[in-house]
$ cat upload30.txt   # compact mmCIF, C-alpha atoms
# COMPACT_ATOMS: atom_id res chain seq x y z
CA MET A 48 -146.89 43.19 32.03
CA GLY A 49 -146.80 39.49 32.73
CA GLU A 50 -144.21 38.14 35.09
CA LEU A 51 -142.19 36.49 32.35
CA ALA A 52 -142.22 39.64 30.26
CA LYS A 53 -141.03 41.67 33.21
CA ALA A 54 -138.22 39.24 33.93
CA MET A 55 -137.14 39.31 30.31
CA ALA A 56 -137.22 43.08 30.33
CA TYR A 57 -134.89 43.25 33.32
CA LEU A 58 -132.59 40.71 31.72
CA ALA A 59 -132.54 42.64 28.47
CA ALA A 60 -131.75 45.87 30.27
CA GLY A 61 -128.86 44.32 32.14
CA LEU A 62 -127.40 42.63 29.09
CA GLY A 63 -127.80 45.78 27.05
CA VAL A 64 -125.87 47.92 29.48
CA GLY A 65 -123.19 45.25 29.82
CA ILE A 66 -122.53 45.01 26.11
CA THR A 67 -122.67 48.78 25.68
CA VAL A 68 -120.12 49.39 28.40
CA PHE A 69 -117.86 46.75 26.86
CA GLY A 70 -117.93 48.58 23.54
CA VAL A 71 -117.48 52.02 25.05
CA GLY A 72 -114.64 50.88 27.29
CA SER A 73 -112.64 49.39 24.47
CA GLY A 74 -113.34 52.36 22.21
CA ILE A 75 -112.28 55.02 24.66
CA GLY A 76 -109.32 52.89 25.71
CA ARG A 77 -108.04 52.86 22.14
CA LEU A 78 -108.65 56.56 21.94
CA GLY A 79 -106.59 57.22 25.05
CA ALA A 80 -103.78 55.06 23.70
CA ALA A 81 -103.72 56.94 20.42
CA ALA A 82 -103.69 60.29 22.20
CA LEU A 83 -100.82 59.23 24.47
CA GLU A 84 -98.83 57.94 21.54
CA ALA A 85 -99.33 61.19 19.65
CA ALA A 86 -98.29 63.16 22.73
CA SER A 87 -95.15 61.08 23.16
CA ARG A 88 -94.11 61.38 19.53
CA GLN A 89 -94.60 65.11 19.42
CA PRO A 90 -94.64 66.76 22.83
CA GLU A 91 -95.71 70.15 21.56
CA ALA A 92 -98.93 68.67 20.17
CA ALA A 93 -99.83 67.27 23.57
CA GLY A 94 -102.35 70.03 24.31
CA ASP A 95 -104.20 69.58 21.02
CA ALA A 96 -104.19 65.82 21.45
CA ARG A 97 -105.64 66.16 24.92
CA THR A 98 -108.44 68.44 23.80
CA THR A 99 -109.34 66.24 20.85
CA MET A 100 -109.27 63.18 23.05
CA ILE A 101 -111.71 64.74 25.49
CA ILE A 102 -114.08 65.83 22.74
CA ALA A 103 -114.07 62.39 21.13
CA ALA A 104 -114.49 60.67 24.50
CA ALA A 105 -117.50 62.84 25.27
CA LEU A 106 -119.12 62.03 21.94
CA ILE A 107 -118.57 58.29 22.35
CA GLU A 108 -119.87 58.51 25.91
CA GLY A 109 -122.97 60.19 24.54
CA ALA A 110 -123.70 57.10 22.48
CA ALA A 111 -123.30 54.98 25.58
CA LEU A 112 -125.74 57.17 27.41
CA PHE A 113 -128.34 56.68 24.67
CA ALA A 114 -128.08 52.98 25.41
CA ILE A 115 -128.41 53.63 29.14
CA ILE A 116 -131.60 55.61 28.62
CA VAL A 117 -133.12 52.83 26.53
CA CYS A 118 -132.20 50.23 29.13
CA ILE A 119 -133.64 52.31 31.94
CA LEU A 120 -136.86 52.66 30.00
CA LEU A 121 -136.90 48.90 29.49
CA ALA A 122 -136.32 48.17 33.13
CA PHE A 123 -138.85 50.55 34.58
CA LYS A 124 -141.70 50.42 32.12
CA MET B 789 -126.89 63.59 48.68
CA TYR B 790 -127.79 61.78 51.83
CA MET B 791 -124.50 60.86 53.38
CA LYS B 792 -124.94 62.57 56.71
CA PRO B 793 -128.66 62.17 57.31
CA THR B 794 -128.42 58.49 56.43
CA GLU B 795 -126.58 57.79 59.65
CA GLN B 796 -129.31 59.59 61.47
CA LEU B 797 -131.93 57.67 59.53
CA PHE B 798 -130.28 54.43 60.47
CA ALA B 799 -130.12 55.50 64.08
CA GLU B 800 -133.82 56.24 64.04
CA HIS B 801 -134.57 52.99 62.30
CA SER B 802 -132.75 50.91 64.83
CA GLU B 803 -134.49 52.83 67.55
CA GLN B 804 -137.80 51.59 66.31
CA HIS B 805 -136.70 48.18 67.46
CA LYS B 806 -135.64 49.31 70.90
CA ALA B 807 -138.78 49.96 72.82
CA GLY B 808 -139.10 53.31 74.48
CA HIS B 809 -135.59 54.58 73.87
CA THR B 810 -135.33 57.93 72.13
CA SER B 811 -132.28 60.05 71.98
CA ARG B 812 -132.58 63.64 73.06
CA GLN B 813 -131.13 64.88 69.84
CA ASN B 814 -133.90 63.31 67.81
CA GLU B 815 -136.56 64.69 70.10
CA ALA B 816 -135.39 68.20 69.41
CA PHE B 817 -135.77 67.74 65.66
CA ASP B 818 -138.97 65.73 65.73
CA SER B 819 -141.17 68.77 65.31
CA LEU B 820 -139.40 69.64 62.09
CA LYS B 821 -140.18 66.25 60.67
CA ILE B 822 -143.93 66.62 60.83
CA GLU B 823 -145.02 67.08 57.27
CA THR B 824 -147.41 69.93 56.97
CA SER B 825 -148.75 68.79 53.65
CA LYS B 826 -148.72 65.02 53.62
CA HIS B 827 -151.34 63.44 51.44
CA GLU B 828 -151.86 59.96 50.12
CA GLY B 829 -149.46 58.97 47.41
CA GLN B 830 -146.86 61.53 48.39
CA ILE B 831 -143.47 60.01 48.99
CA SER B 832 -142.66 60.35 52.64
CA HIS B 833 -139.36 62.03 53.24
CA ASP B 834 -139.14 60.53 56.68
CA LEU B 835 -137.53 57.23 55.88
CA SER B 836 -137.66 55.65 59.30
CA ASN B 837 -140.57 53.31 58.82
CA VAL B 838 -140.35 52.21 55.23
CA PRO B 839 -140.92 48.49 54.60
CA GLN B 840 -137.94 46.67 53.25
CA GLU B 841 -139.07 46.12 49.70
CA GLN B 842 -139.76 49.81 49.17
CA VAL B 843 -136.46 51.20 50.44
CA PHE B 844 -134.90 51.70 47.04
CA GLU B 845 -138.07 53.12 45.58
CA HIS B 846 -138.19 55.71 48.32
CA LEU B 847 -134.52 56.54 48.08
CA LEU B 848 -134.59 56.94 44.34
CA GLY B 849 -137.81 58.89 44.58
CA GLU B 850 -135.83 61.57 46.36
CA LEU B 851 -134.10 62.41 43.12
CA GLY B 852 -137.01 64.12 41.45
CA ASP B 853 -138.39 67.53 42.29
CA HIS B 854 -140.46 68.11 45.36
CA HIS B 855 -142.85 70.80 46.33
CA GLY B 856 -141.10 71.64 49.54
CA LEU B 857 -137.61 72.32 50.76
CA TYR B 858 -136.26 69.29 52.52
CA TRP B 859 -132.88 68.58 53.99
CA GLY B 860 -132.90 64.81 54.16
CA PRO B 861 -135.91 64.00 56.31
CA TYR B 862 -136.20 67.49 57.76
CA HIS B 863 -138.86 69.66 56.30
CA LEU B 864 -137.76 73.27 56.03
CA THR B 865 -140.58 74.95 54.22
CA ASP B 866 -143.30 74.32 51.72
CA LEU B 867 -142.98 75.71 48.27
CA PRO B 868 -145.93 77.15 46.39
CA HIS B 869 -147.78 75.68 43.45
CA MET B 870 -148.59 77.96 40.55
CA ILE B 871 -150.68 76.47 37.82
CA TYR B 872 -151.78 78.06 34.58
CA THR B 873 -154.52 76.16 32.84
CA ASN B 874 -155.47 76.36 29.20
CA GLY B 875 -158.64 78.15 30.12
CA ASN B 876 -156.35 81.08 30.87
CA GLU B 877 -156.85 80.74 34.59
CA PHE B 878 -154.02 81.17 37.02
CA TYR B 879 -154.04 79.47 40.40
CA TYR B 880 -151.67 80.02 43.25
CA TYR B 881 -151.55 77.69 46.25
CA PRO B 882 -149.01 78.24 49.01
CA THR B 883 -148.83 74.60 50.07
CA SER B 884 -149.79 71.24 48.68
CA LYS B 885 -152.51 70.96 51.30
CA ALA B 886 -154.05 74.18 50.02
CA LEU B 887 -153.98 72.66 46.55
CA ILE B 888 -156.09 69.74 47.68
CA ASP B 889 -158.37 71.90 49.78
CA GLY B 890 -158.93 74.22 46.87
CA GLY B 891 -160.76 71.43 45.13
CA LYS B 892 -159.70 72.10 41.60
CA PHE B 893 -156.67 69.85 41.50
CA THR B 894 -155.61 66.64 43.11
CA PHE B 895 -152.69 64.30 42.95
CA ASP B 896 -153.18 61.09 41.11
CA LYS B 897 -151.61 57.77 41.95
CA LYS B 898 -148.26 58.60 40.41
CA ASN B 899 -148.02 61.89 42.26
CA GLN B 900 -148.73 64.14 39.32
CA ILE B 901 -151.07 67.07 39.52
CA ILE B 902 -154.28 66.55 37.61
CA SER B 903 -157.36 68.63 37.35
CA THR B 904 -160.36 67.25 39.18
CA GLU B 905 -162.74 68.01 36.38
CA THR B 906 -160.95 66.78 33.31
CA GLU B 907 -158.55 64.22 34.84
CA SER B 908 -155.73 65.56 32.72
CA LYS B 909 -152.58 67.43 33.49
CA PRO B 910 -152.84 71.20 33.55
CA TRP B 911 -151.42 73.07 30.64
CA PHE B 912 -148.59 74.84 32.34
CA ASP B 913 -147.35 73.94 35.75
CA LEU B 914 -145.27 76.82 37.00
CA SER B 915 -144.83 75.56 40.54
CA ILE B 916 -141.74 76.53 42.42
CA THR B 917 -140.22 73.19 43.25
CA ASN B 918 -137.03 72.72 45.15
CA LEU B 919 -135.07 72.42 41.90
CA VAL B 920 -136.30 75.85 40.82
CA PHE B 921 -135.31 77.18 44.21
CA TYR B 922 -131.81 75.79 43.85
CA GLN B 923 -131.47 77.31 40.40
CA TRP B 924 -132.34 80.72 41.82
CA ALA B 925 -129.96 80.16 44.72
CA VAL B 926 -127.09 79.33 42.37
CA MET B 927 -127.91 82.30 40.16
CA LEU B 928 -127.85 84.63 43.14
CA LEU B 929 -124.63 83.09 44.41
CA LEU B 930 -122.92 83.44 41.04
CA PHE B 931 -124.12 87.02 40.68
CA PHE B 932 -122.77 87.79 44.13
CA PHE B 933 -119.37 86.18 43.46
CA PHE B 934 -118.88 87.82 40.11
CA PHE B 935 -120.03 91.18 41.39
CA ILE B 936 -117.43 91.09 44.15
CA ALA B 937 -114.70 89.94 41.78
CA GLY B 938 -115.62 92.55 39.19
CA ARG B 939 -115.55 95.35 41.71
CA LYS B 940 -112.13 94.25 42.88
CA ALA B 941 -110.94 94.08 39.29
CA LYS B 942 -112.02 97.63 38.63
CA LYS B 943 -110.42 98.93 41.78
CA SER B 944 -107.06 97.23 41.40
CA LYS B 945 -106.47 98.52 37.86
CA GLY B 946 -103.89 96.10 36.55
CA ALA B 947 -102.32 94.92 39.78
CA ALA B 948 -101.95 91.19 40.23
CA PRO B 949 -105.29 89.71 41.27
CA LYS B 950 -105.66 87.85 44.53
CA GLY B 951 -108.21 85.63 46.15
CA LEU B 952 -111.65 85.18 44.64
CA HIS B 953 -110.84 87.57 41.81
CA ASN B 954 -107.81 85.48 40.92
CA LEU B 955 -109.76 82.23 40.92
CA LEU B 956 -112.57 83.51 38.76
CA GLU B 957 -110.21 85.25 36.37
CA THR B 958 -108.15 82.09 35.88
CA VAL B 959 -111.23 80.13 34.97
CA ILE B 960 -112.62 82.86 32.72
CA VAL B 961 -109.34 83.30 30.86
CA TYR B 962 -109.06 79.56 30.41
CA ILE B 963 -112.53 79.36 28.95
CA ARG B 964 -111.93 82.31 26.72
CA ASP B 965 -108.59 81.18 25.30
CA GLU B 966 -108.76 77.42 25.26
CA VAL B 967 -112.41 76.71 24.85
CA VAL B 968 -114.10 79.53 23.02
CA MET B 969 -111.49 81.24 20.86
CA GLN B 970 -109.89 78.04 19.62
CA ASN B 971 -113.10 76.27 18.77
CA VAL B 972 -115.34 79.03 17.55
CA GLY B 973 -112.62 80.25 15.25
CA SER B 974 -113.54 83.83 14.62
CA LYS B 975 -112.54 86.30 17.31
CA LYS B 976 -115.45 88.63 16.69
CA VAL B 977 -118.08 85.99 17.31
CA GLY B 978 -116.12 84.60 20.22
CA GLU B 979 -115.98 87.94 22.00
CA ARG B 980 -119.66 88.50 21.40
CA LEU B 981 -120.66 85.12 22.75
CA MET B 982 -118.39 85.08 25.80
CA PRO B 983 -121.13 86.04 28.27
CA TYR B 984 -123.26 83.14 27.06
CA PHE B 985 -120.46 80.63 27.43
CA LEU B 986 -119.43 81.88 30.83
CA GLY B 987 -123.01 81.82 32.06
CA LEU B 988 -123.49 78.31 30.71
CA PHE B 989 -120.31 76.98 32.24
CA PHE B 990 -120.83 78.42 35.69
CA PHE B 991 -124.52 77.55 35.77
CA ILE B 992 -123.80 73.88 35.08
CA LEU B 993 -120.77 73.86 37.35
CA GLY B 994 -122.75 75.43 40.18
CA ALA B 995 -125.50 72.87 39.72
CA ASN B 996 -123.14 69.92 39.79
CA LEU B 997 -121.17 71.13 42.78
CA LEU B 998 -124.32 72.00 44.72
CA GLY B 999 -125.60 68.48 44.24
CA LEU B 1000 -122.57 67.14 46.04
CA PHE B 1001 -123.45 68.76 49.34
CA PRO B 1002 -125.46 66.60 51.71
CA GLY B 1003 -129.15 67.13 51.35
CA MET B 1004 -129.09 69.16 48.17
CA HIS B 1005 -130.37 68.22 44.74
CA THR B 1006 -128.67 68.70 41.41
CA TYR B 1007 -130.98 70.52 39.12
CA THR B 1008 -129.09 69.39 36.03
CA GLY B 1009 -130.21 65.92 37.03
CA ALA B 1010 -133.66 66.81 35.76
CA ILE B 1011 -134.02 66.32 32.06
CA GLY B 1012 -136.17 69.44 31.82
CA VAL B 1013 -133.27 71.67 32.81
CA THR B 1014 -130.75 70.04 30.52
CA ALA B 1015 -133.25 70.08 27.66
CA ALA B 1016 -133.73 73.80 28.23
CA LEU B 1017 -129.97 74.36 28.17
CA ALA B 1018 -129.67 72.36 24.97
CA ILE B 1019 -132.55 74.22 23.31
CA THR B 1020 -130.84 77.49 24.22
CA ALA B 1021 -127.61 76.17 22.73
CA PHE B 1022 -129.47 75.15 19.57
CA ILE B 1023 -130.95 78.64 19.21
CA VAL B 1024 -127.57 80.29 19.80
CA ILE B 1025 -125.82 78.03 17.29
CA ASN B 1026 -128.30 78.60 14.50
CA LEU B 1027 -128.85 82.29 15.10
CA THR B 1028 -125.11 82.87 15.16
CA ALA B 1029 -124.71 80.98 11.91
CA ILE B 1030 -127.50 82.94 10.26
CA ARG B 1031 -126.22 86.22 11.59
CA GLU B 1032 -122.67 85.60 10.50
CA SER B 1033 -123.14 84.10 7.10
CA GLY B 1034 -126.67 84.93 6.05
CA ILE B 1035 -129.60 82.61 5.72
CA LYS B 1036 -128.68 81.35 2.26
CA ALA B 1037 -125.39 80.04 3.54
CA TRP B 1038 -127.23 78.28 6.33
CA PHE B 1039 -129.32 76.44 3.80
CA HIS B 1040 -126.17 75.59 1.90
CA HIS B 1041 -124.80 74.03 5.05
CA LEU B 1042 -127.71 71.63 4.94
CA LEU B 1043 -126.27 70.28 1.75
CA GLY B 1044 -123.10 69.52 3.59
CA GLY B 1045 -120.71 70.29 0.80
CA ALA B 1046 -122.04 67.63 -1.55
CA PRO B 1047 -123.09 68.50 -5.12
CA ALA B 1048 -126.64 69.67 -5.65
CA TRP B 1049 -128.04 66.48 -7.12
CA LEU B 1050 -127.34 64.65 -3.84
CA ALA B 1051 -129.64 67.03 -2.01
CA PRO B 1052 -132.60 64.62 -1.52
CA ILE B 1053 -130.30 62.29 0.42
CA MET B 1054 -128.09 64.78 2.17
CA VAL B 1055 -130.70 67.23 3.37
CA PRO B 1056 -132.65 64.81 5.60
CA ILE B 1057 -129.41 63.47 7.04
CA GLU B 1058 -128.12 66.92 7.77
CA ILE B 1059 -131.44 67.96 9.32
CA VAL B 1060 -131.35 64.94 11.59
CA GLY B 1061 -127.77 65.76 12.46
CA LEU B 1062 -128.84 69.28 13.30
CA PHE B 1063 -131.20 68.00 15.96
CA THR B 1064 -129.08 65.13 17.22
CA LYS B 1065 -126.35 67.35 18.53
CA PRO B 1066 -128.42 69.24 21.13
CA PHE B 1067 -130.20 66.00 22.00
CA ALA B 1068 -126.86 64.38 22.72
CA LEU B 1069 -125.88 67.36 24.88
CA THR B 1070 -129.07 66.96 26.89
CA VAL B 1071 -128.80 63.26 27.46
CA ARG B 1072 -125.10 63.34 28.22
CA LEU B 1073 -125.40 65.91 31.00
CA PHE B 1074 -128.59 64.45 32.43
CA ALA B 1075 -127.38 60.86 32.48
CA ASN B 1076 -123.97 61.71 33.92
CA MET B 1077 -125.45 63.67 36.78
CA THR B 1078 -128.29 61.31 37.57
CA ALA B 1079 -126.19 58.17 37.26
CA GLY B 1080 -123.74 59.36 39.89
CA HIS B 1081 -126.51 60.09 42.36
CA VAL B 1082 -128.30 56.83 41.65
CA ILE B 1083 -125.14 54.84 42.28
CA LEU B 1084 -124.51 56.64 45.54
CA LEU B 1085 -128.07 56.23 46.76
CA SER B 1086 -128.10 52.57 45.78
CA LEU B 1087 -124.85 51.81 47.56
CA VAL B 1088 -125.92 53.45 50.77
CA GLY B 1089 -129.39 52.01 50.36
CA LEU B 1090 -127.87 48.55 50.49
CA ILE B 1091 -127.14 49.15 54.14
CA LEU B 1092 -130.71 50.20 54.81
CA PHE B 1093 -132.12 47.39 52.72
CA PHE B 1094 -130.35 44.61 54.52
CA LYS B 1095 -130.76 46.33 57.87
CA SER B 1096 -127.38 45.24 59.13
CA LEU B 1097 -124.12 47.02 59.57
CA ILE B 1098 -122.15 44.22 57.89
CA TRP B 1099 -122.57 46.01 54.58
CA ALA B 1100 -121.09 49.25 55.83
CA PRO B 1101 -117.37 48.44 55.38
CA ILE B 1102 -118.12 47.46 51.79
CA ALA B 1103 -120.58 50.15 50.86
CA VAL B 1104 -119.03 53.22 52.42
CA PRO B 1105 -115.53 53.07 50.84
CA PHE B 1106 -117.13 52.44 47.45
CA SER B 1107 -119.39 55.39 48.07
CA VAL B 1108 -116.45 57.63 48.89
CA PHE B 1109 -114.71 56.55 45.72
CA ILE B 1110 -117.78 57.20 43.63
CA TYR B 1111 -118.18 60.55 45.37
CA PHE B 1112 -114.74 61.65 44.22
CA LEU B 1113 -115.49 60.37 40.75
CA GLU B 1114 -118.65 62.43 40.79
CA LEU B 1115 -116.65 65.50 41.77
CA LEU B 1116 -114.47 64.95 38.71
CA VAL B 1117 -117.50 64.33 36.53
CA ALA B 1118 -119.08 67.56 37.77
CA PHE B 1119 -116.25 69.68 36.43
CA LEU B 1120 -115.79 67.56 33.35
CA GLN B 1121 -119.42 67.67 32.28
CA ALA B 1122 -119.65 71.43 32.65
CA TYR B 1123 -116.46 71.79 30.60
CA ILE B 1124 -117.66 69.36 27.94
CA PHE B 1125 -121.03 71.03 27.52
CA THR B 1126 -119.36 74.39 26.99
CA LEU B 1127 -116.68 72.90 24.74
CA LEU B 1128 -119.13 71.09 22.52
CA THR B 1129 -121.35 74.12 22.16
CA ALA B 1130 -118.30 76.12 21.09
CA VAL B 1131 -117.31 73.41 18.63
CA PHE B 1132 -120.80 73.30 17.14
CA ILE B 1133 -120.83 77.05 16.73
CA GLY B 1134 -117.44 76.85 15.07
CA LEU B 1135 -118.73 74.19 12.70
CA ALA B 1136 -121.86 76.16 11.95
CA ILE B 1137 -119.96 79.33 11.12
CA GLY B 1138 -117.58 77.23 9.09
CA ASP B 1139 -115.43 78.58 6.31
CA HIS B 1140 -117.39 81.78 6.04
CA ALA B 1141 -115.53 83.22 9.00
CA LYS B 1142 -112.26 82.94 7.16
CA GLU B 1143 -113.74 84.75 4.17
CA GLU B 1144 -114.85 87.54 6.41
CA HIS B 1145 -111.38 87.91 7.81
CA ALA B 1146 -110.04 88.22 4.31
CA HIS B 1147 -112.41 91.11 3.63
CA HIS B 1148 -111.36 93.23 6.59
$ encode --input "upload30.txt" --output "structure tokens"
Amino acid sequence: MGELAKAMAYLAAGLGVGITVFGVGSGIGRLGAAALEAASRQPEAAGDARTTMIIAAALIEGAALFAIIVCILLAFK
Amino acid sequence: MYMKPTEQLFAEHSEQHKAGHTSRQNEAFDSLKIETSKHEGQISHDLSNVPQEQVFEHLLGELGDHHGLYWGPYHLTDLPHMIYTNGNEFYYYPTSKALIDGGKFTFDKKNQIISTETESKPWFDLSITNLVFYQWAVMLLLFFFFFIAGRKAKKSKGAAPKGLHNLLETVIVYIRDEVVMQNVGSKKVGERLMPYFLGLFFFILGANLLGLFPGMHTYTGAIGVTAALAITAFIVINLTAIRESGIKAWFHHLLGGAPAWLAPIMVPIEIVGLFTKPFALTVRLFANMTAGHVILLSLVGLILFFKSLIWAPIAVPFSVFIYFLELLVAFLQAYIFTLLTAVFIGLAIGDHAKEEHAHH
């Protein structure tokens, strides 16, 4: 690849990961807030809320990891 | 994990600059560092004379699989190559040097094995790399632990468990009640699949915890291993669904509950969804494990890159923090893989399980 193309690829990879992490952070943050609120309103549902929160967090994190893989491919190829 | 040997690497590196001053400790281990099978293109595991711009490349190159057992820069033993070509020939070479001397295969520039005649990769590379060795080690360790715990369980006959038996039983009961039974839904299928889930959970957990010791590799950080685990999960999910509800019901699942005239739209979407779930499992586990190690190697590599100790008070506390985060992620990722597989099996069995309960 030319030098300019390589520089743009690194820039794109960095920007991509930055924006992805921004989205994932705000999404999982809202999820945690909702789970805590549900647990405080109804303490006996706290276990279910915790499990559902972890499942949803893992699925959202999976989407973030797709983005990471694409950015790594960009940066190293 | 190169926390401890890094200090030694740094000590050796700074010794290069002091003429004629070797420590006695390094002399004793120097013979171990001589690579018996070094060839051009192979990444040197002895990091003491790496030029500055290649430090990170060498450090991150440690993350893959190697054809020898190394503990940091120390070479313990060579591991054999076993190659099965598509001409139905099987070759066994005890070391990498024997591979090159044999004449049929060489390493190309990117360190992959290629055949000398056709310049292409062999069909099936069955070599025992260090990742394979660690998988076997963890399997043996798990077998040993569970064998001891099981024998104690049989002998105590209902008394309160203690020690290793207690620990393993707590974890097993947690997985059975909270993870499998709740998410799979039907008790019959859950009981039948418990060995699979337990094996999955402890295999991944063993991998992740082993990678945290200094000098060891995490084999779930190789996408081949996680892909194999996800393919196994895919087979288990679909075979369980077919076995429980019959193959017609499995095809009906592809419709997704929509009326029949929506089939041309729904079926491709559902088929894609069928394959996305194991793919997500693969990538999630692989990226979580590899990312932790890459961060740790990069942080410590900063010290080596700038060749000054000024970076140490910044890099080492960060590294310790990331290390504890990785410990958490190790447990969490094993739990999540098992949990999601249970959830997918529960979804695949679906409402048919409740009908079956109504019958008996």
$ closest_residue --input "upload30.txt" --among "A:Leu51, A:Ala56, A:Glu91, A:Val68" --to "A:Phe113" --atoms "only C-alpha atoms"
A:Val68
$ interface_residues --input "upload30.txt" --of "chain B" --to "chain A" --cutoff "12 Å" --atoms "only C-alpha atoms" --output "PyMOL selection string"
chain B and resi 845+966-967+970-971+1011+1064-1079+1082+1117+1120-1132
$ write_last_selection --input "upload30.txt" --atoms "C-alpha atoms" --output "mmCIF file, keeping the file's coordinate frame"
data_model
loop_
_atom_site.group_PDB
_atom_site.id
_atom_site.type_symbol
_atom_site.label_atom_id
_atom_site.label_comp_id
_atom_site.auth_asym_id
_atom_site.auth_seq_id
_atom_site.Cartn_x
_atom_site.Cartn_y
_atom_site.Cartn_z
ATOM 1 C CA GLU B 845 -138.070 53.120 45.580
ATOM 2 C CA GLU B 966 -108.760 77.420 25.260
ATOM 3 C CA VAL B 967 -112.410 76.710 24.850
ATOM 4 C CA GLN B 970 -109.890 78.040 19.620
ATOM 5 C CA ASN B 971 -113.100 76.270 18.770
ATOM 6 C CA ILE B 1011 -134.020 66.320 32.060
ATOM 7 C CA THR B 1064 -129.080 65.130 17.220
ATOM 8 C CA LYS B 1065 -126.350 67.350 18.530
ATOM 9 C CA PRO B 1066 -128.420 69.240 21.130
ATOM 10 C CA PHE B 1067 -130.200 66.000 22.000
ATOM 11 C CA ALA B 1068 -126.860 64.380 22.720
ATOM 12 C CA LEU B 1069 -125.880 67.360 24.880
ATOM 13 C CA THR B 1070 -129.070 66.960 26.890
ATOM 14 C CA VAL B 1071 -128.800 63.260 27.460
ATOM 15 C CA ARG B 1072 -125.100 63.340 28.220
ATOM 16 C CA LEU B 1073 -125.400 65.910 31.000
ATOM 17 C CA PHE B 1074 -128.590 64.450 32.430
ATOM 18 C CA ALA B 1075 -127.380 60.860 32.480
ATOM 19 C CA ASN B 1076 -123.970 61.710 33.920
ATOM 20 C CA MET B 1077 -125.450 63.670 36.780
ATOM 21 C CA THR B 1078 -128.290 61.310 37.570
ATOM 22 C CA ALA B 1079 -126.190 58.170 37.260
ATOM 23 C CA VAL B 1082 -128.300 56.830 41.650
ATOM 24 C CA VAL B 1117 -117.500 64.330 36.530
ATOM 25 C CA LEU B 1120 -115.790 67.560 33.350
ATOM 26 C CA GLN B 1121 -119.420 67.670 32.280
ATOM 27 C CA ALA B 1122 -119.650 71.430 32.650
ATOM 28 C CA TYR B 1123 -116.460 71.790 30.600
ATOM 29 C CA ILE B 1124 -117.660 69.360 27.940
ATOM 30 C CA PHE B 1125 -121.030 71.030 27.520
ATOM 31 C CA THR B 1126 -119.360 74.390 26.990
ATOM 32 C CA LEU B 1127 -116.680 72.900 24.740
ATOM 33 C CA LEU B 1128 -119.130 71.090 22.520
ATOM 34 C CA THR B 1129 -121.350 74.120 22.160
ATOM 35 C CA ALA B 1130 -118.300 76.120 21.090
ATOM 36 C CA VAL B 1131 -117.310 73.410 18.630
ATOM 37 C CA PHE B 1132 -120.800 73.300 17.140
#
$ atom_distance --input "upload30.txt" --atom1 "atom CA of B:Phe1022" --atom2 "atom CA of B:Met870"
28.5 Å
$ residues_near_point --input "upload30.txt" --point "(-117.6, 84.1, 15.5)" --cutoff "10 Å" --atoms "only C-alpha atoms" --output "list in words"
Val968, Met969, Asn971, Val972, Gly973, Ser974, Lys975, Lys976, Val977, Gly978, Glu979, Arg980, Leu981, Thr1028, Ala1029, Arg1031, Glu1032, Ala1130, Ile1133, Gly1134, Ala1136, Ile1137, Gly1138, His1140, Ala1141 and Lys1142 of chain B
$ atom_distance --input "upload30.txt" --atom1 "atom CA of B:Pro868" --atom2 "atom CA of B:Leu914"
9.4 Å
$ atom_distance --input "upload30.txt" --atom1 "atom CA of B:Ser915" --atom2 "atom CA of B:Phe1001"
24.1 Å
$ residues_around --input "upload30.txt" --residues "B:Phe934" --least-positions-apart "5" --cutoff "9 Å" --atoms "all atoms listed in the file" --output "ChimeraX atom specification"
/B:929,939,952-953,956
$ residues_around --input "upload30.txt" --residues "B:His855" --least-positions-apart "2" --cutoff "10 Å" --atoms "all atoms listed in the file" --output "list in words"
Ser825, Asp853, Leu857, Tyr858, Thr865, Asp866, Leu867, Pro868, His869, Thr883, Ser884, Ser915, Ile916, Thr917, Asn918, Leu919 and Val920 of chain B
$ write_last_selection --input "upload30.txt" --atoms "C-alpha atoms" --output "PDB file, keeping the file's coordinate frame"
ATOM      1  CA  SER B 825    -148.750  68.790  53.650  1.00  0.00           C
ATOM      2  CA  ASP B 853    -138.390  67.530  42.290  1.00  0.00           C
ATOM      3  CA  LEU B 857    -137.610  72.320  50.760  1.00  0.00           C
ATOM      4  CA  TYR B 858    -136.260  69.290  52.520  1.00  0.00           C
ATOM      5  CA  THR B 865    -140.580  74.950  54.220  1.00  0.00           C
ATOM      6  CA  ASP B 866    -143.300  74.320  51.720  1.00  0.00           C
ATOM      7  CA  LEU B 867    -142.980  75.710  48.270  1.00  0.00           C
ATOM      8  CA  PRO B 868    -145.930  77.150  46.390  1.00  0.00           C
ATOM      9  CA  HIS B 869    -147.780  75.680  43.450  1.00  0.00           C
ATOM     10  CA  THR B 883    -148.830  74.600  50.070  1.00  0.00           C
ATOM     11  CA  SER B 884    -149.790  71.240  48.680  1.00  0.00           C
ATOM     12  CA  SER B 915    -144.830  75.560  40.540  1.00  0.00           C
ATOM     13  CA  ILE B 916    -141.740  76.530  42.420  1.00  0.00           C
ATOM     14  CA  THR B 917    -140.220  73.190  43.250  1.00  0.00           C
ATOM     15  CA  ASN B 918    -137.030  72.720  45.150  1.00  0.00           C
ATOM     16  CA  LEU B 919    -135.070  72.420  41.900  1.00  0.00           C
ATOM     17  CA  VAL B 920    -136.300  75.850  40.820  1.00  0.00           C
TER      18      VAL B 920
END
$ residues_around --input "upload30.txt" --residues "A:Ala85" --least-positions-apart "6" --cutoff "12 Å" --atoms "only C-alpha atoms" --output "PyMOL selection string"
chain A and resi 78-79+91-97+99-100
$ write_last_selection --input "upload30.txt" --atoms "C-alpha atoms" --output "short mmCIF file (atom, residue, chain, number, x, y, z; two decimals), keeping the file's coordinate frame"
data_model
loop_
_atom_site.label_atom_id
_atom_site.label_comp_id
_atom_site.auth_asym_id
_atom_site.auth_seq_id
_atom_site.Cartn_x
_atom_site.Cartn_y
_atom_site.Cartn_z
CA LEU A 78 -108.65 56.56 21.94
CA GLY A 79 -106.59 57.22 25.05
CA GLU A 91 -95.71 70.15 21.56
CA ALA A 92 -98.93 68.67 20.17
CA ALA A 93 -99.83 67.27 23.57
CA GLY A 94 -102.35 70.03 24.31
CA ASP A 95 -104.20 69.58 21.02
CA ALA A 96 -104.19 65.82 21.45
CA ARG A 97 -105.64 66.16 24.92
CA THR A 99 -109.34 66.24 20.85
CA MET A 100 -109.27 63.18 23.05
#
